[in-house]
Structures are given as structure tokens and as C-alpha cells.
Amino acid sequence: MTEITPSLRPLAAVLVSAVAVVPILLSGRRPNVREAWTVLAALAKFGLVASMVPGVLSGTVYATRLGTFLPGVEFTLRADPLGLLFALLASLLWVITSFYSMGYMRGLGEHDQTRYFAAFAASVSSAVGVAFAANLFVLFVFYELLTVATYPLVAHDETDEARAAGRKYLAYTFGGGVAVFAGSVLVFWLTGTVAFTPGGIEGLAGADPMIARVAFALLAGGFGVKAALMPMHSWLPDAMVAPTPVSGLLHAVAVVKSGVFGIARLVLDVFGPGLVGDLGMGEVLAAVAAFTLVVASVIALRQDNLKRRLAFSTVSQLSYIVLGLAVGAIAAAGSGPNDAAAYALVGGLLHIPAHAFMKLTLFFCAGALHVETHTDDISNMAGIGHRMPITMGCFAVAAAGMAGIPIVAGFVSKYFLLIGSVSTGGVVYAGALLVSGVLNVAYFWPVVYTAFFESPTESDEKPLVEGPLGGRFADRGTATDGGSPGGSDGPASDLRPDGGDDDPQKDDHGFAEDHEGQGLRDKIETAEQLHHEHGDEGRIDWEHRRWIGEESTWFVLAPICFAAAGSVALGIVPDAAVFLRIVRLIVAGATGVTV
């Protein structure tokens with residue numbers, strides 16, 4: 001590969017959204033201007049990252065060297081194929097999440113919207129810093145900055161529950177950061193470097209195997225916190241008190257993906273797949289991942305709150321990525337990388353963008369349901385597909401992909417994973433993938449079936465979900481969308497006319513500033529309509545809406561449709577969608593094997 005140094009593009013891609021924090025904060029009293037800054041920063045960041053794609057695909061690496069960070073360690077930002085995969089995903093999905101946030105936050109009249117958009121920009125800046133870090137210490141810095149930047153988003157609601165979730169989030173992720181730092185120090189002590197090297201740092205192969213195992217365990221455990229590997233996963237479902245766009249950020253784009261990205265760097269560019277397998281750490285990592293993906297799927301069956309079901313689904317799906325990396329390492333042990341290792345690694349890495357598009361779609365749909373109907377529990381969704389046909393149609397598409405149904409993204413990544421596992425002889429791991437796939441159908445199909453094929457007066461029992469073997473529903477209302485602690489049927493008094501704390505003269509979606517009082521009247525009418533729909537005895541007779549966008553504002557619907565379309569594109573033409581081409585380049589660089 002050819003390295004272009006100096007290149008300012010990696011630095012500019014990191015800084016553009018960080019710089020945008022200032023005008024976003026200064027525009028707090030002018031929400032339209034504030035959100036214009038958000039969109040401009042998102043588009044600029046995506047443009048900078050996308051501009052490096054052709055060069056990286058042709059073998060070019062862009063690097064920005066900012067001097068010595070620690071003795072023997074440079075502070076360098078480097079856009080290589082693996083970093084570009086994560087940065088391209090984060091920057092693209094931030095664009096559509098920005099538009100979705102506008103419709104969501106204003107639709108609910110959320111408080112402190114300026115703080116929300118500023119924290120969002122800082123979080124994405126940190127995520128791209130994680131992507132372009134050239135060594136373990138630079139990665140550690142941005143990894144911790146990401147924790148700090150996302151904390152205000154997790155605790156946004158400012159309720160006792162939100163603050164408790166925020167404290168738990170900090171405790172877990174900062175604890176993981178300490179482990180990452182300790183592991184990085186050990187690697188530096190063993191080799192004299194922490195720079196990422198495709199195929200692994202050469203000096204580690206000759207190091208003391210026991211100390212090398214300890215270093216690997218510290219790094220994998222530290223990154224595994226944000227990757228939500230069991231038993232370090234419990235912060236993730238609790239973080240569902242955050243607004244839905246934040247849940248999408250946490251579960252699809254930035255935080256959890258930074259964890260699996262760190263594990264990918266560890267396996268591919270620090271130890272190398274072959275050494276991970278030779279040290280016996282591949283089996284350990286695979287066992288933890290297989291356990292997590294099955295058990296989390298079983299727990300998801302028990303959740304009535306839609307966001308919590310999606311949260312445990314994320315815990316499971318992230319382990320597909322880790323399992324692919326681990327199986328690739330097992331296959332590469334002894335004789336070195338081979339086709340089986342390459343297939344497993346391609347499947348694991350391709351599931352990063354596949355899961356991101358699908359899970360973002362699902363969370364966007366959950367948020368739309370909350371904004372328009374204040375419905376959060378699956379048990380209250382009988383027939384809701386008639387009220388929100390586009391939303392639930394996109395939900396069905398993404399859910400099919402999560403279960404590995406063909407023509408959606410999840411099928412392609414899981415196909416590579418299954419081929420790699422079977423070729424390696426990992427029957428147990430292949431079995432775990434198949435069992436988890438069945439469980440995905442078990443906890444997603446009832447949502448789709450309930451929405452489209454049931455009514456409040458006629459519903460079928462779902463023994464696998466509601467019976468003793470599947471477990472009774474968990475306590476309802478434990479994780480509601482931010483700003484609506486009242487649960488499924490928030491009172492009219494909770495509906496604010498100002499669309500936030502910054503501008504008291506806006507309509508119900510906050511896009512006009514000259515109709516004082518109209519927003520409040522619209523909110524009250526909406527509350528009365530919801531009361532009528534929900535009925536006096538808890539029965540929900542949803543009115544039918546046509547498939548032309550009547551169900552919500554297009555600031556909410558368009559991002560949902562875009563994310564769902566991306567899920568399908570990755571399932572039908574993954575090469576044309578660029579991500580598979582980048583993944584193949586990463587695997588070829590780390591293993592020497594082309595898939």
C-alpha cells in the first residue's frame with residue numbers, strides 16, 4: 001500500500017463535527033439554524049470520508065501525523081481499509097440520523113435539544129477518531145472521549161432512571177477503558193510499539209506467551225464492554241431510557257461498533273489471526289461470543305418493551321461479528337490463514353455495516369411509533385400496522401434481515417459466517433449461529449404478525465414468547481423513549497408547545513416561529529385522538545392510514561425508508577454498496593487470502 005503523508009483529510013474528517021459543536025451551541029435560540037449546522041457538518045464529514053474511498057480501494061493510505069504522543073508513540077490519524085469501513089458507516093448514518101432527530105425531537109417537544117445536537121456531533125467526531133487511530137494509544141484516547149461525549153445523550157431525560165443508567169454506562173465503559181490502557185501498555189512493553197500492522201505486530205510472536213495472553217485478555221475485555229459481550233452487557237439495555245435516535249447511535253453506529261471495531265483491530269492488526277489462534281485465545285473469544293449470541297436471543301424473547309427487545313437483539317447480533325473474528329483466528333492457527341479463515345473474517349466484518357443499517361431501521365421504527373402513538377410495548381401493538389404501514393413495513397424488512405432471510409443484508413454476512421464456521425470444523429459455532437437465527441425469527445415475527453395480522457379483539461397466543469419456557473414478559477415501561485417517562489399513554493400535560501427549551505414560538509414540529517399557541521392546540525388534539533384510539537378500557541382501535549406518508553412527518557419516515565433500502569441494497573448488491581469491497585480488502589491485507 002502507498003501511504004500519503006501528510007494528508008489533512010483524516011484530521012479534517014475527525015474535526016469537522018467537533019468544530020460544529022460551537023455554532024450548534026451558539027444557535028440554540030434559532031433551532032432551524034442550529035439544525036442547519038448539524039446537517040452541514042454531517043454532509044461535510046461524509047464527503048471527506050467518502051473522498052478517500054477510491055484511493056483506499058486502489059491501495060492508498062491517508063495519514064495525518066501530529067507529533068509524538070508518548071515516547072516512542074506518535075499521535076497519528078490513518079485512513080486504512082478497516083478504519084475507512086467504520087468511518088464511512090458512522091458518517092453516512094449520522095447524516096440520516098440528523099434528519100430523523102429533527103423530526104423526532106421536535107415531534108415530542110423534547111427539552112435541551114441544543115445540548116442533544118451538540119453532544120451528537122461530538123460523539124460522531126469521537127467515533128471517527130476511533131476509526132482513524134493509527135495505534136492503540138490514540139485509539140484509547142478517542143475511545144474514552146466517545147464515552148464522555150455520549151454520556152449526556154444517555155442521561156438526556158434527566159429522570160432518576162436516566163441518571164442511574166448514565167452512571168452505570170460510565171462505570172462499565174470507563175472500566176473497559178482502563179483494561180484497554182493496561183493491555184496497550186503490556187503490548188508496548190513486549191514489542192516497543194503499539195502501531196497497527198496488517199497481520200499483527202511482528203514482535204508479539206516471539207514474546208512470552210503467558211504475558212501475551214494477558215495482554216490479549218485485557219484488550220479484548222476492555223473492548224468487549226462496549227461490544228456488550230456477556231457478562232459485560234447489562235449497561236446496554238438500561239441505556240434504552242435515552243431518546244430513540246440515541247439508541248440508534250448506541251446500538252447501530254458509534255458506541256457498540258467502536259467495541260467490535262477495537263476487537264477487529266486487536267485480532268487483525270495487533271496480534272494477527274494466526275497468533276490469536278496459536279495462543280488459544282480464538283477458542284476463548286469464540287466461546288464467549290457463541291454463548292452471548294444464544295443467551296441474549298433467549299432473553300430478547302422475554303421483553304415486551306420494544307426497545308428492550310431490540311437492545312438484547314443487539315447484544316446477540318454484535319457477537320456474530322466477534323464470532324467471525326474468533327473463528328477466523330481459529331482457522332488460521334498452526335498453518336496460517338486459509339480460505340476458511342478468510343470466509344469467517346469477511347462474514348464478521350461485513351456484519352458491521354449490515355447490522356448497522358438493519359438495527360438503525362428497527363430503532364427508527366420504534367421511535368416513530370412512540371412519537372405518533374406513544375406506544376412502546378409490543379402487547380399494545382395489535383393492528384398498529386394499519387395506523388403506520390410504512391413504518392411497520394420497513395420494520396418487517398429489517399427484522400427479516402436480522403433473522404438471515406435472503407435479499408436483506410443479514411443473509412449475506414451470516415452466509416459467509418456459516419461457511420467459515422463449517423469449513424473450520426466448528427460445528428458448535430455453526431450450531432449456535434443456526435439456533436440464534438431461529439430465535440431471531442421467534443422474537444421478531446410476533447411483532448410483525450401482531451402489527452399486521454391481529455386486532456385488539458382477536459389475537460393469538462404466542463407460547464414461545466409468553467409461556468413458561470419462553471418466560472413471562474419483563475416489567476413493562478422500564479425503558480421508554482427519552483422525554484416520555486409516562487410510558488405508552490403520556491398525559492396531555494406532558495405535551496409541550498415549544499418543541500424544546502430554546503424557542504417558545506414554534507408549531508408542533510418546530511419549523512415555524514410565527515404561530516404562537518397553535519402547536520399547543522395541535523398537541524392537545526393529538527392527545528385527544530390518542531385517547532380515542534386507545535379507548536377507555538385499554539383497547540386500541542387504530543385508524544387506518546394510507547401508504548402515502550400520512551402516518552408521520554417525512555423527517556421521520558424518509559430516514560426509516562433510507563435505512564431499510566440500505567439494508568436491502570447490502571443484501572442484493574453488496575459489492576456495489578462498497579462495504580463488501582472494503583471488507584475483502586481488509587481480509588486480504590491481514591491474511592493474504594482473497595475471497
# chains A, B, ... in the order shown; residues from 1 in each chain; ligands from 1
call {"tool": "select_by_dssp", "arguments": {"residues": "stretch 177-256 of chain A", "states": "alpha helix (DSSP H)", "output": "PyMOL selection string"}}
result
chain A and resi 177-191+209-226+235-238+244-248+255-256
call {"tool": "residues_around", "arguments": {"residues": "stretch 427-437 of chain A", "least_positions_apart": "2", "cutoff": "6 Å", "atoms": "only C-alpha atoms", "output": "list in words"}}
result
Ala290, Val294, Ala403, Leu418, Ser421, Gly425, Leu439 and Asn440 of chain A
call {"tool": "write_last_selection", "arguments": {"atoms": "C-alpha atoms", "output": "mmCIF file, in the first residue's frame"}}
result
data_model
loop_
_atom_site.group_PDB
_atom_site.id
_atom_site.type_symbol
_atom_site.label_atom_id
_atom_site.label_comp_id
_atom_site.auth_asym_id
_atom_site.auth_seq_id
_atom_site.Cartn_x
_atom_site.Cartn_y
_atom_site.Cartn_z
ATOM 1 C CA ALA A 290 -21.394 -18.065 20.926
ATOM 2 C CA VAL A 294 -27.662 -17.528 22.009
ATOM 3 C CA ALA A 403 -33.093 -13.323 11.014
ATOM 4 C CA LEU A 418 -21.693 -20.081 8.394
ATOM 5 C CA SER A 421 -17.554 -21.948 10.684
ATOM 6 C CA GLY A 425 -14.906 -27.696 11.643
ATOM 7 C CA LEU A 439 -34.586 -17.356 17.899
ATOM 8 C CA ASN A 440 -34.381 -14.184 15.799
#
call {"tool": "closest_residue", "arguments": {"among": "A:Met392, A:Val256, A:Leu349, A:Ala164", "to": "A:Cys365", "atoms": "only C-alpha atoms"}}
result
A:Met392
call {"tool": "atom_distance", "arguments": {"atom1": "atom CA of A:Met388", "atom2": "atom CA of A:Ala356"}}
result
22.8 Å
call {"tool": "closest_residue", "arguments": {"among": "A:Leu236, A:Asp304, A:Pro231, A:Val578", "to": "A:Leu88", "atoms": "only C-alpha atoms"}}
result
A:Val578
call {"tool": "residues_around", "arguments": {"residues": "stretch 332-340 of chain A", "least_positions_apart": "6", "cutoff": "12 Å", "atoms": "only C-alpha atoms", "output": "PyMOL selection string"}}
result
chain A and resi 199+267-268+272-283+324-326+346-347+416-426+587-595
call {"tool": "closest_residue", "arguments": {"among": "A:Leu85, A:Ala63, A:Val22, A:Leu350", "to": "A:Ser7", "atoms": "only C-alpha atoms"}}
result
A:Ala63
call {"tool": "atom_distance", "arguments": {"atom1": "atom CA of A:Gly404", "atom2": "atom CA of A:Gly262"}}
result
25.0 Å
call {"tool": "residues_around", "arguments": {"residues": "stretch 42-58 of chain A", "least_positions_apart": "4", "cutoff": "6 Å", "atoms": "only C-alpha atoms", "output": "ChimeraX atom specification"}}
result
/A:13,88,91-92,95
call {"tool": "residues_around", "arguments": {"residues": "A:Val397", "least_positions_apart": "6", "cutoff": "9 Å", "atoms": "only C-alpha atoms", "output": "PyMOL selection string"}}
result
chain A and resi 358+361+408+564+567-568
call {"tool": "residues_around", "arguments": {"residues": "A:Glu158", "least_positions_apart": "4", "cutoff": "12 Å", "atoms": "only C-alpha atoms", "output": "number ranges by chain"}}
result
A: 110-112, 151-154, 162-167, 241-243, 482-485
call {"tool": "closest_residue", "arguments": {"among": "A:Ala331, A:Thr114, A:Ser17, A:Val260", "to": "A:Phe86", "atoms": "only C-alpha atoms"}}
result
A:Val260
call {"tool": "select_by_dssp", "arguments": {"residues": "stretch 82-325 of chain A", "states": "strand (DSSP E or B)", "output": "list of chain:residue names"}}
result
A:Ala133, A:Asn135, A:Ala195, A:Asn305
call {"tool": "residues_around", "arguments": {"residues": "A:Ala368", "least_positions_apart": "3", "cutoff": "9 Å", "atoms": "only C-alpha atoms", "output": "PyMOL selection string"}}
result
chain A and resi 104+244+363-365+371-374+388+391+552+556-557+560
call {"tool": "closest_residue", "arguments": {"among": "A:Gly176, A:Gly566, A:Gly259, A:Pro6", "to": "A:Lys359", "atoms": "only C-alpha atoms"}}
result
A:Gly566
call {"tool": "closest_atom_pairs", "arguments": {"of": "stretch 133-159 of chain A", "to": "stretch 116-124 of chain A", "cutoff": "6 Å", "atoms": "only C-alpha atoms", "output": "CSV"}}
result
residue,atom,partner,partner_atom,distance
A:Leu146,CA,A:Ser123,CA,5.6
A:Ala149,CA,A:Ser123,CA,5.1
A:Thr150,CA,A:Ser123,CA,5.8
call {"tool": "write_last_selection", "arguments": {"atoms": "N, CA, C and O atoms", "output": "compact mmCIF listing (two decimals), in the first residue's frame"}}
result
# COMPACT_ATOMS: atom_id res chain seq x y z
N LEU A 146 -15.28 9.17 23.41
CA LEU A 146 -16.60 8.73 22.96
C LEU A 146 -17.51 8.47 24.16
O LEU A 146 -18.70 8.80 24.13
N ALA A 149 -18.55 11.93 25.51
CA ALA A 149 -19.47 12.64 24.61
C ALA A 149 -20.86 12.03 24.59
O ALA A 149 -21.87 12.74 24.42
N THR A 150 -20.96 10.71 24.79
CA THR A 150 -22.27 10.06 24.71
C THR A 150 -23.01 10.06 26.04
O THR A 150 -24.22 9.80 26.07
call {"tool": "atom_distance", "arguments": {"atom1": "atom CA of A:Val448", "atom2": "atom CA of A:His386"}}
result
11.6 Å
